[in-house]
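Enquirer: Quick one: the structure is below, and I'll ask about it shortly.
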Amino acid sequence: MVFRFLSRSLLACLSALLLLLGTALPAWADFALPPLPYAAEALEPVIDATTMSIHHDRHHGAYVANLNAQIRANPALARLSLEALQGQISRFPMAVRNNGGGHWNHSQFWAVMAPEGQGGEPSAALLAAINRGFGSLEDLQTQFNQAATGRFGSGWAWLIRKRDGSLAITSTPNQDNPLMDLPGIERGTPLFGLDVWEHAYYLKYQNRRPDYIKAWWSLLNWNEVNRRYAALS
Ligand code: MN3
């Protein structure tokens, strides 16, 4: 009798567990907020710790949470990697485009920055491509700064590698990016992208976006950019 009661409770427990697992299953495919690869204060004085914490924990965190909230209505999302999603973004509603783009864009943003003095330099191969495409690194920086400064409202400036192997500078509005299959976007694989939304710089620079852009170059993680370039070549 006791045994039967026990086994029945065990069965009840098991089925409750299975039910729980079943409803929790979509969670296996959830997108996750990557931790910052350095301390929030590591990029000071160029980017202050408060901006970094709010930007990563709250802004990027919200893109991830909002993207996950779209999985139930768009089950195809659960089978896509974040990168693959970008190339098929036209199939999905605007909420997926904004939050999926926001998640990918910010994930690369943290990775292409490093504390001052730790980012290294462009590799010989990348520098050769830069010289071919822009004349010099200084010319690339001038053009990139123009694209970043000239982006009206919120968006990103990018250095991309196009399908034909050449480099180009481009800019996208909101949380769009050059991987997206959308009309009006110059497509290519980003080597790095700079966030020029006000939330990225306003606490320290207020309306002085050009000062933020100019200072940002000292944070660029060339080691990571070199790695990305080499992986594509
Ligand atoms: Mn941002």
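By order of appearance in the structure tokens: chains A, B, ..., then residues from 1 within every chain, and ligands from 1 in the order shown.
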Using only C-alpha atoms and all ligand atoms, what are the residues with an atom within 8 Å of ligand 1, set out as a short mmCIF file (atom, residue, chain, number, x, y, z; two decimals) with C-alpha atoms, in the first residue's frame?

Expert:
```cif
data_model
loop_
_atom_site.label_atom_id
_atom_site.label_comp_id
_atom_site.auth_asym_id
_atom_site.auth_seq_id
_atom_site.Cartn_x
_atom_site.Cartn_y
_atom_site.Cartn_z
CA HIS A 55 24.22 50.10 -22.31
CA HIS A 56 25.11 46.43 -21.81
CA HIS A 59 19.77 48.25 -23.51
CA HIS A 60 21.39 45.08 -24.85
CA GLY A 102 20.13 44.99 -31.65
CA HIS A 106 25.81 44.94 -29.62
CA ASP A 195 27.09 52.44 -32.14
CA VAL A 196 26.09 56.08 -32.61
CA TRP A 197 22.80 55.92 -30.75
CA HIS A 199 22.53 56.00 -25.37
CA ALA A 200 26.09 55.01 -26.33
#
```

Enquirer: Identify, on the basis of only C-alpha atoms, every residue whose closest approach to range 209-223 of chain A does not exceed 9 Å; exclude the query and any residue fewer than 6 positions from it along the same chain; express the result as a short mmCIF file (atom, residue, chain, number, x, y, z; two decimals) with N, CA and C atoms, in the first residue's frame.

Expert:
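Okay, out.cif is ready:
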```
data_model
loop_
_atom_site.label_atom_id
_atom_site.label_comp_id
_atom_site.auth_asym_id
_atom_site.auth_seq_id
_atom_site.Cartn_x
_atom_site.Cartn_y
_atom_site.Cartn_z
N LEU A 43 37.00 50.68 -20.10
CA LEU A 43 37.15 51.53 -21.28
C LEU A 43 37.23 53.02 -20.93
N VAL A 46 37.42 56.94 -22.12
CA VAL A 46 36.71 57.18 -23.38
C VAL A 46 35.22 56.88 -23.23
N ILE A 47 34.90 55.72 -22.64
CA ILE A 47 33.50 55.41 -22.33
C ILE A 47 33.41 55.13 -20.83
N ALA A 111 32.82 43.14 -28.53
CA ALA A 111 33.99 42.34 -28.92
C ALA A 111 35.04 43.16 -29.67
N VAL A 112 34.62 44.18 -30.40
CA VAL A 112 35.60 44.95 -31.18
C VAL A 112 36.17 46.13 -30.40
N MET A 113 35.92 46.14 -29.08
CA MET A 113 36.55 47.16 -28.25
C MET A 113 37.46 46.48 -27.23
N ALA A 114 38.49 47.22 -26.81
CA ALA A 114 39.41 46.73 -25.79
C ALA A 114 39.91 47.93 -25.01
N PRO A 115 40.37 47.72 -23.77
CA PRO A 115 40.93 48.84 -23.02
C PRO A 115 42.05 49.52 -23.82
N GLU A 116 42.18 50.82 -23.65
CA GLU A 116 43.19 51.57 -24.39
C GLU A 116 44.56 50.93 -24.27
N GLY A 117 45.26 50.83 -25.40
CA GLY A 117 46.60 50.26 -25.40
C GLY A 117 46.62 48.75 -25.55
N GLN A 118 45.44 48.10 -25.52
CA GLN A 118 45.42 46.64 -25.58
C GLN A 118 44.85 46.09 -26.88
N GLY A 119 44.46 46.99 -27.79
CA GLY A 119 43.79 46.54 -29.01
C GLY A 119 44.71 46.10 -30.14
N GLY A 120 45.99 46.33 -30.00
CA GLY A 120 46.92 45.95 -31.06
C GLY A 120 46.83 46.86 -32.27
N GLU A 121 47.28 46.35 -33.41
CA GLU A 121 47.32 47.13 -34.65
C GLU A 121 46.77 46.29 -35.79
N PRO A 122 46.40 46.96 -36.91
CA PRO A 122 45.92 46.18 -38.05
C PRO A 122 47.01 45.22 -38.54
N SER A 123 46.62 44.02 -38.91
CA SER A 123 47.57 43.06 -39.45
C SER A 123 48.07 43.55 -40.81
N GLN A 141 39.75 56.32 -41.62
CA GLN A 141 39.18 56.92 -40.40
C GLN A 141 38.37 58.17 -40.72
N ASN A 145 34.49 58.34 -39.92
CA ASN A 145 33.98 59.38 -39.02
C ASN A 145 32.86 60.17 -39.69
N GLN A 146 32.99 60.40 -41.00
CA GLN A 146 31.93 61.11 -41.72
C GLN A 146 30.64 60.29 -41.73
N ALA A 148 29.76 58.01 -39.57
CA ALA A 148 29.23 57.91 -38.21
C ALA A 148 28.60 59.22 -37.75
N THR A 149 29.25 60.33 -38.10
CA THR A 149 28.73 61.65 -37.72
C THR A 149 27.47 61.97 -38.51
N PHE A 192 33.99 45.75 -38.18
CA PHE A 192 33.59 46.40 -36.92
C PHE A 192 32.49 47.39 -37.17
N LEU A 194 30.31 50.75 -35.19
CA LEU A 194 30.27 51.70 -34.07
C LEU A 194 28.83 52.14 -33.82
N VAL A 196 26.22 54.63 -32.78
CA VAL A 196 26.09 56.08 -32.61
C VAL A 196 24.70 56.48 -32.11
N GLU A 198 22.36 57.76 -29.22
CA GLU A 198 22.72 58.66 -28.10
C GLU A 198 22.99 57.88 -26.82
N TYR A 201 26.66 57.33 -25.81
CA TYR A 201 27.65 58.37 -25.48
C TYR A 201 27.10 59.57 -24.72
N TYR A 202 25.78 59.69 -24.55
CA TYR A 202 25.21 60.96 -24.12
C TYR A 202 25.62 61.40 -22.72
#
```

Enquirer: As a PyMOL selection string, please: all residues of range 24-227 of chain A that backbone DSSP puts in alpha helix (DSSP H).

Expert: chain A and resi 24+49-53+61-68+82-87+94-111+124-134+137-150+202-205+209-216+222-227

Enquirer: Find, counting only C-alpha atoms, the residue in A:Thr172, A:Asn131, A:Asn207, A:Gln70 that gets nearest to Pro93 in chain A.

Expert: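 Distance minimum relative to Pro93 in chain A lands on A:Gln70.
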
Enquirer: Taking only C-alpha atoms into account, name the residue in A:His103, A:Arg79, A:Arg91, A:Arg228 that is nearest to Pro34 in chain A.

Expert: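 Smallest distance to Pro34 in chain A is found for A:His103.
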
Enquirer: Write out as an mmCIF file with C-alpha atoms, in the first residue's frame the residues lying within 8 Å of Asn98 in chain A, counting only C-alpha atoms and excluding same-chain residues fewer than 6 positions away.

Expert:
```
data_model
loop_
_atom_site.group_PDB
_atom_site.id
_atom_site.type_symbol
_atom_site.label_atom_id
_atom_site.label_comp_id
_atom_site.auth_asym_id
_atom_site.auth_seq_id
_atom_site.Cartn_x
_atom_site.Cartn_y
_atom_site.Cartn_z
ATOM 1 C CA TYR A 63 17.010 43.514 -27.019
ATOM 2 C CA ASN A 174 18.248 51.971 -36.029
ATOM 3 C CA GLN A 175 19.400 48.371 -35.371
ATOM 4 C CA ASP A 176 19.784 47.335 -39.002
#
```

Enquirer: So which one's closest to Gln143 in chain A, A:Glu83, A:Ile169, A:Ile130, A:Gly155? Using only C-alpha atoms, please.

Expert: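 Result for the nearest residue to Gln143 in chain A: A:Ile169.
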
Enquirer: When you look at Ala69 in chain A with a cut-off of 10 Å (counting only C-alpha atoms), what residues show up, excluding the ones that are within fewer than 6 positions of it in the same chain? I need them as a VMD selection string.

Expert: chain A and resid 30 63 95 to 96 99

Enquirer: Could you pull the residues within 8 Å of Trp158 in chain A, counting only C-alpha atoms, minus those fewer than 5 positions along the same chain, as a list in words?

Expert: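 Contacts, with the query itself left out: Phe144, Ile169, Thr170, Ser171, Pro178, Pro190, Leu191, Phe192, Gly193 and Leu194 of chain A.
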
Enquirer: From the options A:Met94, A:Ala73, A:Leu232, A:Ala40, which residue's atoms come nearest to Ile160 in chain A, counting only C-alpha atoms?

Expert: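 Closest candidate: A:Leu232.
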
Enquirer: For the structure I just gave you, how does DSSP split range 31-230 of chain A - specifically, which residues are strand (DSSP E)? Reply as an MDAnalysis selection string.

Expert: chainID A and resid 155:161 167:173 189:195

Enquirer: To one decimal in Å, tell me the separation between CA of Ala76 in chain A and CA of Gly184 in chain A.

Expert: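 Distance reported for this atom pair: 24.9 Å.
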
Enquirer: Would you please work out which residue, of A:Asp164, A:Asp48, A:Asp57, A:Asp181, is nearest to Phe92 in chain A when using only C-alpha atoms?

Expert: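 Going through A:Asp164, A:Asp48, A:Asp57, A:Asp181 one by one, the smallest distance to Phe92 in chain A is for A:Asp181.
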
Enquirer: Go ahead and compute the interatomic distance for CA of Ala147 in chain A and CA of Arg187 in chain A, in Å to one decimal.

Expert: 15.6 Å
